[in-house]
Every structure is written in structure tokens, then in C-alpha cells.
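Source file: start_25.tsv; contents: TSV, C-alpha atoms and all ligand atoms.
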chain	number	residue	atom	x	y	z
P	1	MET	CA	1.62	22.92	-8.43
P	2	SER	CA	3.15	20.73	-5.75
P	3	ALA	CA	1.53	20.80	-2.34
P	4	GLN	CA	3.26	21.85	0.86
P	5	LEU	CA	3.13	19.18	3.52
P	6	ILE	CA	1.20	19.78	6.74
P	7	ASP	CA	3.40	18.06	9.30
P	8	GLY	CA	1.12	17.07	12.18
P	9	LYS	CA	3.84	15.04	13.81
P	10	LYS	CA	6.10	18.10	14.08
P	11	VAL	CA	3.34	20.51	15.16
P	12	SER	CA	2.03	18.05	17.77
P	13	THR	CA	5.53	17.69	19.21
P	14	GLU	CA	5.79	21.48	19.59
P	15	ILE	CA	2.33	21.73	21.15
P	16	LYS	CA	3.09	18.91	23.58
P	17	LYS	CA	6.29	20.72	24.65
P	18	GLN	CA	4.18	23.75	25.53
P	19	ILE	CA	1.63	21.59	27.37
P	20	ARG	CA	4.46	19.94	29.31
P	21	GLU	CA	5.61	23.38	30.49
P	22	ASP	CA	2.05	24.33	31.42
P	23	VAL	CA	1.63	21.07	33.37
P	24	GLU	CA	4.92	21.59	35.22
P	25	ASN	CA	3.92	25.16	36.15
P	26	TRP	CA	0.55	23.90	37.37
P	27	VAL	CA	2.25	21.28	39.56
P	28	LEU	CA	4.95	23.75	40.75
P	29	ALA	CA	2.12	26.05	41.87
P	30	GLY	CA	1.13	23.35	44.35
P	31	ASN	CA	-1.55	21.51	42.41
P	32	ARG	CA	-1.98	17.78	41.97
P	33	ARG	CA	-0.64	16.41	38.68
P	34	PRO	CA	-3.48	16.06	36.09
P	35	PHE	CA	-4.87	12.54	35.86
P	36	LEU	CA	-6.54	10.92	32.84
P	37	LYS	CA	-8.53	7.73	33.34
P	38	VAL	CA	-8.97	5.61	30.21
P	39	LEU	CA	-11.56	2.87	29.95
P	40	GLN	CA	-11.19	0.10	27.38
P	41	VAL	CA	-14.06	-2.30	26.79
P	42	GLY	CA	-12.89	-5.49	25.08
P	43	ASN	CA	-9.54	-5.76	23.34
P	44	ASP	CA	-9.85	-4.50	19.80
P	45	PRO	CA	-6.21	-4.23	18.55
P	46	ALA	CA	-6.71	-0.80	16.91
P	47	SER	CA	-8.14	0.54	20.18
P	48	THR	CA	-5.17	-0.88	22.07
P	49	ALA	CA	-2.81	0.92	19.66
P	50	TYR	CA	-4.68	4.23	20.08
P	51	ILE	CA	-4.62	3.91	23.86
P	52	ARG	CA	-0.89	3.21	23.70
P	53	ALA	CA	-0.38	6.44	21.70
P	54	LYS	CA	-2.40	8.41	24.26
P	55	THR	CA	-0.60	6.86	27.24
P	56	ARG	CA	2.78	7.66	25.67
P	57	SER	CA	1.72	11.27	25.09
P	58	CYS	CA	0.58	11.55	28.71
P	59	SER	CA	4.03	10.55	29.91
P	60	GLU	CA	5.63	13.04	27.47
P	61	VAL	CA	3.63	15.94	28.90
P	62	GLY	CA	3.64	14.84	32.55
P	63	ILE	CA	0.01	13.81	32.86
P	64	ASP	CA	-0.69	10.74	35.02
P	65	THR	CA	-2.83	8.08	33.39
P	66	ASP	CA	-4.27	4.66	34.01
P	67	THR	CA	-6.31	2.34	31.82
P	68	ALA	CA	-9.13	0.25	33.26
P	69	HIS	CA	-10.23	-2.80	31.26
P	70	LEU	CA	-13.68	-4.32	31.11
P	71	PRO	CA	-14.61	-7.46	29.15
P	72	ASP	CA	-16.54	-7.00	25.89
P	73	THR	CA	-19.44	-8.84	27.53
P	74	VAL	CA	-19.90	-6.12	30.16
P	75	SER	CA	-23.48	-4.91	30.60
P	76	ALA	CA	-24.48	-1.27	30.13
P	77	ARG	CA	-25.40	-1.18	33.83
P	78	GLU	CA	-21.99	-2.37	34.97
P	79	LEU	CA	-20.15	-0.08	32.57
P	80	LYS	CA	-22.15	2.95	33.66
P	81	SER	CA	-21.59	2.13	37.31
P	82	VAL	CA	-17.81	2.05	36.71
P	83	ILE	CA	-18.09	5.43	34.95
P	84	ARG	CA	-20.12	6.77	37.88
P	85	SER	CA	-17.33	5.77	40.25
P	86	PHE	CA	-14.86	7.70	38.05
P	87	ASN	CA	-17.20	10.71	38.01
P	88	ASN	CA	-17.22	10.70	41.81
P	89	ASP	CA	-13.47	10.24	42.20
P	90	ASP	CA	-11.88	13.65	42.85
P	91	SER	CA	-8.43	12.34	41.89
P	92	ILE	CA	-9.63	11.86	38.27
P	93	ASP	CA	-9.63	14.97	36.06
P	94	GLY	CA	-10.44	13.46	32.67
P	95	ILE	CA	-12.37	10.34	31.63
P	96	LEU	CA	-11.94	8.78	28.20
P	97	VAL	CA	-14.01	5.81	27.08
P	98	GLN	CA	-12.18	4.38	24.06
P	99	LEU	CA	-14.47	4.01	21.05
P	100	PRO	CA	-15.84	2.07	19.28
P	101	LEU	CA	-17.77	0.12	21.92
P	102	PRO	CA	-19.03	-3.44	21.37
P	103	SER	CA	-22.30	-3.31	19.43
P	104	HIS	CA	-24.58	-4.27	22.35
P	105	LEU	CA	-23.66	-1.02	24.10
P	106	SER	CA	-25.09	2.38	23.16
P	107	SER	CA	-22.24	4.87	22.88
P	108	HIS	CA	-24.80	7.70	23.30
P	109	ASP	CA	-25.89	6.38	26.70
P	110	VAL	CA	-22.34	5.64	27.79
P	111	ILE	CA	-21.01	9.07	26.75
P	112	GLU	CA	-23.93	10.81	28.42
P	113	SER	CA	-23.13	9.03	31.69
P	114	ILE	CA	-19.69	10.70	31.82
P	115	ASP	CA	-19.59	13.87	33.93
P	116	HIS	CA	-19.43	16.60	31.25
P	117	ARG	CA	-16.79	18.39	33.36
P	118	LYS	CA	-14.49	15.38	32.85
P	119	ASP	CA	-15.42	14.73	29.20
P	120	VAL	CA	-11.99	15.40	27.66
P	121	ASP	CA	-13.06	13.86	24.32
P	122	GLY	CA	-15.74	16.55	24.02
P	123	PHE	CA	-18.40	14.03	23.03
P	124	HIS	CA	-20.97	14.69	25.78
P	125	PRO	CA	-24.11	16.48	24.50
P	126	MET	CA	-23.40	19.32	26.96
P	127	ASN	CA	-20.02	19.95	25.32
P	128	VAL	CA	-21.31	19.43	21.78
P	129	GLY	CA	-24.16	21.85	22.47
P	130	ARG	CA	-21.84	24.47	23.94
P	131	LEU	CA	-19.57	24.14	20.90
P	132	SER	CA	-22.47	24.88	18.59
P	133	VAL	CA	-23.41	28.06	20.48
P	134	ASP	CA	-19.82	29.33	20.89
P	135	GLN	CA	-19.60	28.79	24.64
P	136	PRO	CA	-16.38	27.56	26.31
P	137	THR	CA	-16.26	23.78	25.99
P	138	PHE	CA	-14.13	20.71	25.61
P	139	LYS	CA	-13.70	20.70	21.84
P	140	SER	CA	-13.69	17.41	20.02
P	141	CYS	CA	-9.98	16.60	19.66
P	142	THR	CA	-9.69	15.95	15.92
P	143	PRO	CA	-11.39	19.16	14.74
P	144	ALA	CA	-9.50	21.13	17.40
P	145	GLY	CA	-6.24	19.61	16.15
P	146	ILE	CA	-7.06	20.51	12.54
P	147	PHE	CA	-7.69	24.13	13.59
P	148	GLU	CA	-4.29	24.16	15.31
P	149	LEU	CA	-2.78	23.10	11.98
P	150	PHE	CA	-4.60	25.95	10.16
P	151	LYS	CA	-3.19	28.35	12.74
P	152	TYR	CA	0.36	26.99	12.61
P	153	TYR	CA	0.56	27.16	8.81
P	154	SER	CA	-1.47	30.41	8.55
P	155	ILE	CA	-4.10	28.72	6.38
P	156	PRO	CA	-7.12	31.04	6.34
P	157	THR	CA	-10.66	29.66	6.64
P	158	LYS	CA	-12.62	32.94	6.76
P	159	GLY	CA	-14.88	33.33	3.75
P	160	LYS	CA	-13.62	30.11	2.16
P	161	HIS	CA	-15.76	27.25	0.93
P	162	ALA	CA	-15.05	24.34	3.26
P	163	VAL	CA	-16.39	20.91	2.36
P	164	VAL	CA	-16.51	18.17	4.97
P	165	VAL	CA	-16.93	14.61	3.73
P	166	GLY	CA	-18.34	12.46	6.51
P	167	ALA	CA	-20.86	13.50	9.16
P	168	SER	CA	-19.82	11.48	12.20
P	169	ASN	CA	-20.40	12.77	15.72
P	170	ILE	CA	-16.68	12.47	16.42
P	171	VAL	CA	-15.18	14.36	13.48
P	172	GLY	CA	-17.39	15.50	10.57
P	173	THR	CA	-20.18	17.17	12.49
P	174	PRO	CA	-18.09	19.10	15.05
P	175	MET	CA	-15.62	20.01	12.27
P	176	ALA	CA	-18.44	21.46	10.18
P	177	VAL	CA	-19.77	23.37	13.19
P	178	MET	CA	-16.36	24.84	13.94
P	179	LEU	CA	-15.75	25.75	10.29
P	180	SER	CA	-19.10	27.42	9.87
P	181	ARG	CA	-19.51	29.52	13.02
P	182	GLU	CA	-19.12	33.20	12.18
P	183	ASN	CA	-18.21	34.45	15.65
P	184	SER	CA	-15.33	32.15	16.54
P	185	SER	CA	-12.96	29.85	14.68
P	186	GLY	CA	-14.03	29.07	11.09
P	187	LYS	CA	-16.13	31.75	9.42
P	188	ALA	CA	-16.24	29.52	6.32
P	189	THR	CA	-19.15	28.65	4.07
P	190	THR	CA	-19.54	24.98	4.84
P	191	THR	CA	-20.95	21.98	3.02
P	192	ILE	CA	-21.35	18.58	4.67
P	193	CYS	CA	-21.37	15.51	2.43
P	194	HIS	CA	-22.36	12.08	3.72
P	195	LYS	CA	-23.40	8.67	2.44
P	196	PHE	CA	-26.66	10.00	0.98
P	197	THR	CA	-25.00	12.80	-0.97
P	198	ARG	CA	-25.82	11.99	-4.58
P	199	ASP	CA	-22.72	13.28	-6.31
P	200	ILE	CA	-19.95	14.31	-3.97
P	201	THR	CA	-17.77	15.63	-6.81
P	202	ILE	CA	-20.07	18.59	-7.51
P	203	HIS	CA	-19.30	19.68	-3.92
P	204	THR	CA	-15.64	18.66	-3.58
P	205	ILE	CA	-14.70	20.34	-6.87
P	206	THR	CA	-15.70	23.74	-5.46
P	207	ALA	CA	-13.89	23.28	-2.12
P	208	ASP	CA	-11.13	25.65	-1.03
P	209	ILE	CA	-10.67	23.42	2.01
P	210	LEU	CA	-11.58	19.73	1.90
P	211	VAL	CA	-11.79	17.76	5.14
P	212	VAL	CA	-12.26	14.05	4.55
P	213	ALA	CA	-13.37	11.74	7.36
P	214	ALA	CA	-15.24	8.97	5.57
P	215	GLY	CA	-13.22	5.86	6.42
P	216	GLN	CA	-12.81	4.82	2.79
P	217	PRO	CA	-9.37	4.48	1.17
P	218	ASN	CA	-8.94	6.42	-2.11
P	219	LEU	CA	-12.40	8.03	-1.89
P	220	ILE	CA	-11.01	11.41	-3.00
P	221	LYS	CA	-9.01	11.54	-6.24
P	222	ALA	CA	-7.31	14.43	-8.02
P	223	GLU	CA	-10.06	14.86	-10.62
P	224	MET	CA	-12.57	15.60	-7.82
P	225	VAL	CA	-10.84	18.76	-6.57
P	226	LYS	CA	-9.71	22.10	-7.93
P	227	GLU	CA	-6.15	23.35	-8.24
P	228	GLY	CA	-4.86	24.86	-4.98
P	229	VAL	CA	-7.26	23.07	-2.60
P	230	VAL	CA	-6.23	22.43	1.00
P	231	ILE	CA	-6.58	18.69	1.73
P	232	ILE	CA	-7.12	17.53	5.32
P	233	ASP	CA	-7.22	13.73	5.36
P	234	VAL	CA	-8.65	12.37	8.61
P	235	GLY	CA	-9.00	8.80	7.35
P	236	ILE	CA	-7.00	6.04	9.03
P	237	ASN	CA	-7.47	2.77	7.17
P	238	ARG	CA	-5.46	-0.40	7.69
P	239	ILE	CA	-4.77	-2.10	4.38
P	240	ALA	CA	-2.84	-5.33	3.78
P	241	ASP	CA	0.85	-4.85	2.99
P	242	GLU	CA	3.20	-7.84	2.87
P	243	THR	CA	6.29	-5.63	2.66
P	244	SER	CA	5.64	-4.25	6.16
P	245	GLU	CA	6.48	-6.32	9.23
P	246	LYS	CA	3.05	-5.67	10.78
P	247	GLY	CA	1.42	-7.02	7.62
P	248	TYR	CA	-0.55	-3.83	7.07
P	249	LYS	CA	-0.04	-0.14	6.40
P	250	LEU	CA	-2.06	2.95	7.21
P	251	VAL	CA	-3.62	4.97	4.42
P	252	GLY	CA	-6.02	7.90	4.47
P	253	ASP	CA	-9.22	8.52	2.52
P	254	CYS	CA	-7.41	10.52	-0.16
P	255	ASP	CA	-5.22	9.50	-3.07
P	256	PHE	CA	-2.16	11.33	-1.73
P	257	ASP	CA	0.15	10.80	-4.73
P	258	SER	CA	-2.17	12.35	-7.31
P	259	LEU	CA	-3.58	15.04	-4.97
P	260	LYS	CA	-0.19	16.34	-3.89
P	261	LYS	CA	0.37	17.62	-7.44
P	262	LYS	CA	-2.85	19.66	-7.38
P	263	ALA	CA	-3.31	20.80	-3.77
P	264	SER	CA	-1.66	23.81	-2.12
P	265	TRP	CA	-1.47	22.02	1.24
P	266	ILE	CA	-1.97	18.38	2.18
P	267	THR	CA	-1.81	16.23	5.32
P	268	PRO	CA	-0.05	12.85	5.12
P	269	VAL	CA	-1.33	9.63	6.70
P	270	PRO	CA	0.21	8.70	9.07
P	271	GLY	CA	1.76	11.78	10.67
P	272	GLY	CA	-0.92	14.31	9.72
P	273	VAL	CA	-4.12	14.75	11.70
P	274	GLY	CA	-3.69	11.68	13.99
P	275	PRO	CA	-0.89	13.03	16.22
P	276	MET	CA	-2.78	16.35	16.57
P	277	THR	CA	-5.85	14.50	17.88
P	278	VAL	CA	-3.77	13.02	20.68
P	279	ALA	CA	-2.11	16.39	21.45
P	280	MET	CA	-5.55	18.01	21.84
P	281	LEU	CA	-6.54	15.27	24.29
P	282	MET	CA	-3.58	16.34	26.41
P	283	LYS	CA	-4.72	19.97	26.17
P	284	ASN	CA	-8.28	19.08	27.22
P	285	THR	CA	-7.03	17.02	30.15
P	286	LEU	CA	-5.04	20.00	31.45
P	287	LEU	CA	-8.11	22.24	30.98
P	288	ALA	CA	-10.16	19.72	32.98
P	289	ALA	CA	-7.58	19.65	35.79
P	290	LYS	CA	-7.54	23.46	35.91
P	291	LYS	CA	-11.35	23.58	35.80
P	292	SER	CA	-10.95	26.19	33.05
P	293	ILE	CA	-14.11	25.31	31.14
P	294	TYR	CA	-16.38	24.72	34.13
P	295	PRO	CA	-15.10	26.82	37.05
P	296	GLU	CA	-16.23	25.57	40.44
P	297	GLU	CA	-17.90	28.76	41.60
Z	301	LIG	C1	-0.52	9.04	13.06
Z	301	LIG	C2	-9.32	6.67	15.84
Z	301	LIG	C3	-10.75	5.75	14.12
Z	301	LIG	C4	-11.54	5.14	15.09
Z	301	LIG	C5	-11.24	5.28	16.44
Z	301	LIG	C6	-1.22	9.14	15.48
Z	301	LIG	C7	-3.37	8.29	16.17
Z	301	LIG	C8	-3.62	7.89	14.88
Z	301	LIG	C9	-2.69	8.14	13.86
Z	301	LIG	C10	-4.37	8.07	17.26
Z	301	LIG	C11	-8.16	7.45	16.29
Z	301	LIG	C12	-7.26	8.11	15.30
Z	301	LIG	C13	-7.87	7.52	17.65
Z	301	LIG	C14	-1.49	8.75	14.15
Z	301	LIG	C15	-6.66	8.20	18.18
Z	301	LIG	C16	-6.27	9.06	15.96
Z	301	LIG	O1	0.69	9.10	13.33
Z	301	LIG	O2	-0.96	9.29	11.93
Z	301	LIG	C17	-2.16	8.92	16.48
Z	301	LIG	O3	-3.99	7.52	18.27
Z	301	LIG	N1	-5.70	8.46	17.13
Z	301	LIG	C18	-8.77	6.86	18.56
Z	301	LIG	O4	-8.56	6.89	19.76
Z	301	LIG	O5	-9.84	6.18	18.11
Z	301	LIG	C19	-10.14	6.05	16.80
Z	301	LIG	C20	-9.64	6.52	14.49
This structure in C-alpha cells:
Amino acid sequence: MSAQLIDGKKVSTEIKKQIREDVENWVLAGNRRPFLKVLQVGNDPASTAYIRAKTRSCSEVGIDTDTAHLPDTVSARELKSVIRSFNNDDSIDGILVQLPLPSHLSSHDVIESIDHRKDVDGFHPMNVGRLSVDQPTFKSCTPAGIFELFKYYSIPTKGKHAVVVGASNIVGTPMAVMLSRENSSGKATTTICHKFTRDITIHTITADILVVAAGQPNLIKAEMVKEGVVIIDVGINRIADETSEKGYKLVGDCDFDSLKKKASWITPVPGGVGPMTVAMLMKNTLLAAKKSIYPEE
């Protein structure tokens, strides 16, 4: 078998076109243009690249955006007071604190200080909790983007065995929740593997759908999966590459070349899940502006 490619770049472009229309209609109806405030602490180059991708997408869909910068020495008090001022600013619809934060700061405390009604990343405990009980919420962007890909390519999840490798708060855990809920989205039987899983192959080999978000290049190889599996590779790893002008290239967590011969569907890296994550951020920002998740009365 040779896998069909899941083209996240193409699907995200189509979704952003739709969001652009929705934004224009919202503005034409007399509303203020949606506004996303980004906060960068320090100047990690990968974070700068991600913020650039988000800012570019904002301009594509007609969302206003601005990035505030704080030094990596900022105290938790100062950072939270800046976030409080964004919470109280009615011109700001969505707040995004770019992760990871410097190690002296607790991302839990920082995320919890964001007004959950402006939490377009969907990381606030209020939004995570609502996700897990099937209430309207800002869905974490990467899992939401993966579900858009399932929809676009008519890849069924109902009744399937889904295996998620990686249990982060950002991707693995919300992905597993969305896959497993029986009333909305996934309806799959779901296994979560993480760093204490003794033998991940006994799980991955039975997967109909394998979502990998472990941050480890080449973790998943062809002999660890069954014929016809759907491979969703969330990994984004920079590895040295002298032939590229940047000096590095991006690879996922999966051995694409061997897996593409065995899988039925596979996402590439780059151009797979990554662009969908950014598209879902645009969607959440519009939902925040419209107060769709948390109506005012
Ligand atoms: C692509 C992220 C790890 C840690 C913090 C397009 C993005 C990535 C790849 C992007 C990510 C990953 C983001 C591609 C945002 C996804 O073409 O393949 C877009 O901008 N992402 C982030 O903000 O923080 C991270 C991964």
C-alpha cells in the first residue's frame, strides 16, 4: 500500500479563506475587527518563528494583531499584571501567551491568569474542563486542527482504536479526550502512551489511528504499526542539515519514508498538522470576538 497524503497546508488555506469571509461579514455588520494580543517572554528563535506564522495568518484572514515583548527575566508578578491589563482591555478579543515560558515561570499559573473568555489557545482549566464534559469551549488548536483534517478527508474515528503517543497538556491529553468522547467528536476507543509506557509497540501495532506528539525524531517506525494505519505526526523537530540555508530542517516524530508504504493516510512534516494549528487559532479568535462560547447575557 502507498499512503495518501494529508495536506494540512492546502486544507488550512481553504479554512482560512472561509474565516476571512466570516471576519469580513462580522466587520460589515458593524462590529470591530477581531484583535489578537500575543505575548512573547524572552526571544527563543522557535517561538519567534511560530509568532511570525500566526501574525501572517492574522493578516490573511483580516484579524488585527500585536505582539508585546517582555524580557526573559520578567517576574511572575509583572507578567501576570500585564495579562490582567489585557484581560481588562475591551479592545482585545484573544490573548495568546507564547509557550514555552522561561523555566522560572509556572505556565499553569500564567495560563490560569488569562481570562478564560479570551483564552484562544484553549489551555485555561475552564476550557479544558468544558472540553472534557462536552460543553462549548475554546478547543486546543492542534487537536481541533487534526479533527478538521479527519472531516476534510472523511477519515472515520467512530469505533476505531486511536492511540495517542505523548500526554502533554497542549496536544496529547486534549487529543485523547476529543477522540474518546462518545457524545461529540471522536467516539474512538483510545489509548494514551507516555514516557512510562513500558512497550509502546504493543499499543501502536493495534492502532487504526496513531497520533504522535512526543517530540522525538524517528520514534515511530514502520514495524511498529499495522498495514492501513492513519498516521498523524504532530512532532516538529529541528535537526541539523548543512544542505539547507537555515542549517536545519524540520522533521516529525515518525519515519515518514518507511511509514508511507504501510499507512493508508499520513501527514507530512512540515505542511501537515502545523498549518492547521494556526488556522484553528484564527477560528478561536473569531469565536472570542463574537462571544460565541461565552455569551454576555
Ligand atoms: C508547518 C509549537 C512546539 C512547541 C511550541 C506551520 C507551525 C508549525 C509548523 C506553527 C508550534 C507548532 C506552534 C508548520 C505553532 C505549530 O508548515 O509544518 C506552522 O506555527 N505552530 C507554537 O506556537 O508553539 C509550539 C510546537
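Take CA of Ala162 in chain P and CA of Val269 in chain P: the distance between them is 20.4 Å.
Here CA of Asn284 in chain P is placed at a distance of 16.0 Å from CA of Thr13 in chain P.
Taking all atoms listed in the file into account, every polymer residue with at least one atom at most 7 Å away from ligand LIG 301 (chain Z) is listed here: Lys9, Ser47, Ala49, Tyr50, Ile51, Ala53, Lys54, Gln98, Leu99, Pro100, Ile236, Val269, Pro270, Gly271, Gly272, Val273, Gly274, Pro275, Thr277 and Val278 of chain P.
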Taking only residues of range 215-295 of chain P that have an atom at most 12 Å from an atom of range 59-77 of chain P, what is each one's shortest atom pair and its distance in Å to one decimal, using all atoms listed in the file, in chain and number order, as a tab-separated table?
residue	atom	partner	partner_atom	distance
P:Val278	CA	P:Val61	CA	11.4
P:Ala279	CA	P:Val61	CA	9.4
P:Met280	CA	P:Val61	CA	11.8
P:Leu281	CA	P:Ile63	CA	10.9
P:Met282	CA	P:Val61	CA	7.6
P:Lys283	CA	P:Val61	CA	9.7
P:Asn284	CA	P:Ile63	CA	11.3
P:Thr285	CA	P:Ile63	CA	8.2
P:Leu286	CA	P:Ile63	CA	8.1
P:Leu287	CA	P:Ile63	CA	11.9
P:Ala288	CA	P:Ile63	CA	11.8
P:Ala289	CA	P:Ile63	CA	10.0
Grab the residues selected above and save them as an mmCIF file, keeping the file's coordinate frame with C-alpha atoms.
data_model
loop_
_atom_site.group_PDB
_atom_site.id
_atom_site.type_symbol
_atom_site.label_atom_id
_atom_site.label_comp_id
_atom_site.auth_asym_id
_atom_site.auth_seq_id
_atom_site.Cartn_x
_atom_site.Cartn_y
_atom_site.Cartn_z
ATOM 1 C CA VAL P 278 -3.770 13.020 20.680
ATOM 2 C CA ALA P 279 -2.110 16.390 21.450
ATOM 3 C CA MET P 280 -5.550 18.010 21.840
ATOM 4 C CA LEU P 281 -6.540 15.270 24.290
ATOM 5 C CA MET P 282 -3.580 16.340 26.410
ATOM 6 C CA LYS P 283 -4.720 19.970 26.170
ATOM 7 C CA ASN P 284 -8.280 19.080 27.220
ATOM 8 C CA THR P 285 -7.030 17.020 30.150
ATOM 9 C CA LEU P 286 -5.040 20.000 31.450
ATOM 10 C CA LEU P 287 -8.110 22.240 30.980
ATOM 11 C CA ALA P 288 -10.160 19.720 32.980
ATOM 12 C CA ALA P 289 -7.580 19.650 35.790
#
*Quick one: of P:Val38, P:Ala213, P:Leu79, P:Val133, who's nearest to Val97 in chain P, counting all atoms listed in the file?*
P:Val38
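One finds CA of Gly228 in chain P at 15.0 Å from CA of Tyr153 in chain P.
Here the question is which of P:Asp253, P:Glu227, P:Asp241, P:Asp44 gets nearest to Pro268 in chain P using only C-alpha atoms, and that residue is P:Asp253.
In terms of minimum interatomic distance to Ile6 in chain P, P:Ser154 ranks closest within P:Thr48, P:Ser292, P:Asn237, P:Ser154, counting only C-alpha atoms.
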_With all atoms listed in the file as the counted atoms, please give the residues lying no more than 12 Å from Asp233 in chain P, apart from itself and same-chain residues fewer than 6 positions off, as JSON, numbers by chain._
{"P": [5, 6, 8, 142, 143, 146, 164, 165, 166, 171, 172, 209, 210, 211, 212, 213, 214, 215, 216, 217, 218, 219, 220, 221, 251, 252, 253, 254, 255, 256, 259, 260, 265, 266, 267, 268, 269, 270, 271, 272, 273, 274]}
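Residue neighbourhood of Ile155 in chain P, excluding near-sequence residues (fewer than 4 positions): Leu149, Phe150, Lys151, Val230 and Trp265 of chain P, at 9 Å, using only C-alpha atoms.
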Produce the centre coordinates and the three edge lengths, each in Å to one decimal, of the box along x, y and z that contains all listed atoms of range 11-29 of chain P with 6 Å added on each side, as JSON.
{"center_x": 3.4, "center_y": 21.9, "center_z": 28.5, "size_x": 17.7, "size_y": 20.4, "size_z": 38.7}
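Around the coordinate (-24.5, 21.0, 28.4), residues that reach within 10 Å when counting all atoms listed in the file are P:His116, P:Arg117, P:His124, P:Pro125, P:Met126, P:Asn127, P:Val128, P:Gly129, P:Arg130, P:Leu131, P:Gln135, P:Thr137.
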*So, counting all atoms listed in the file, which residue among P:Val23, P:Leu39, P:Ala144, P:Ile15 is closest to Lys290 in chain P?*
P:Val23
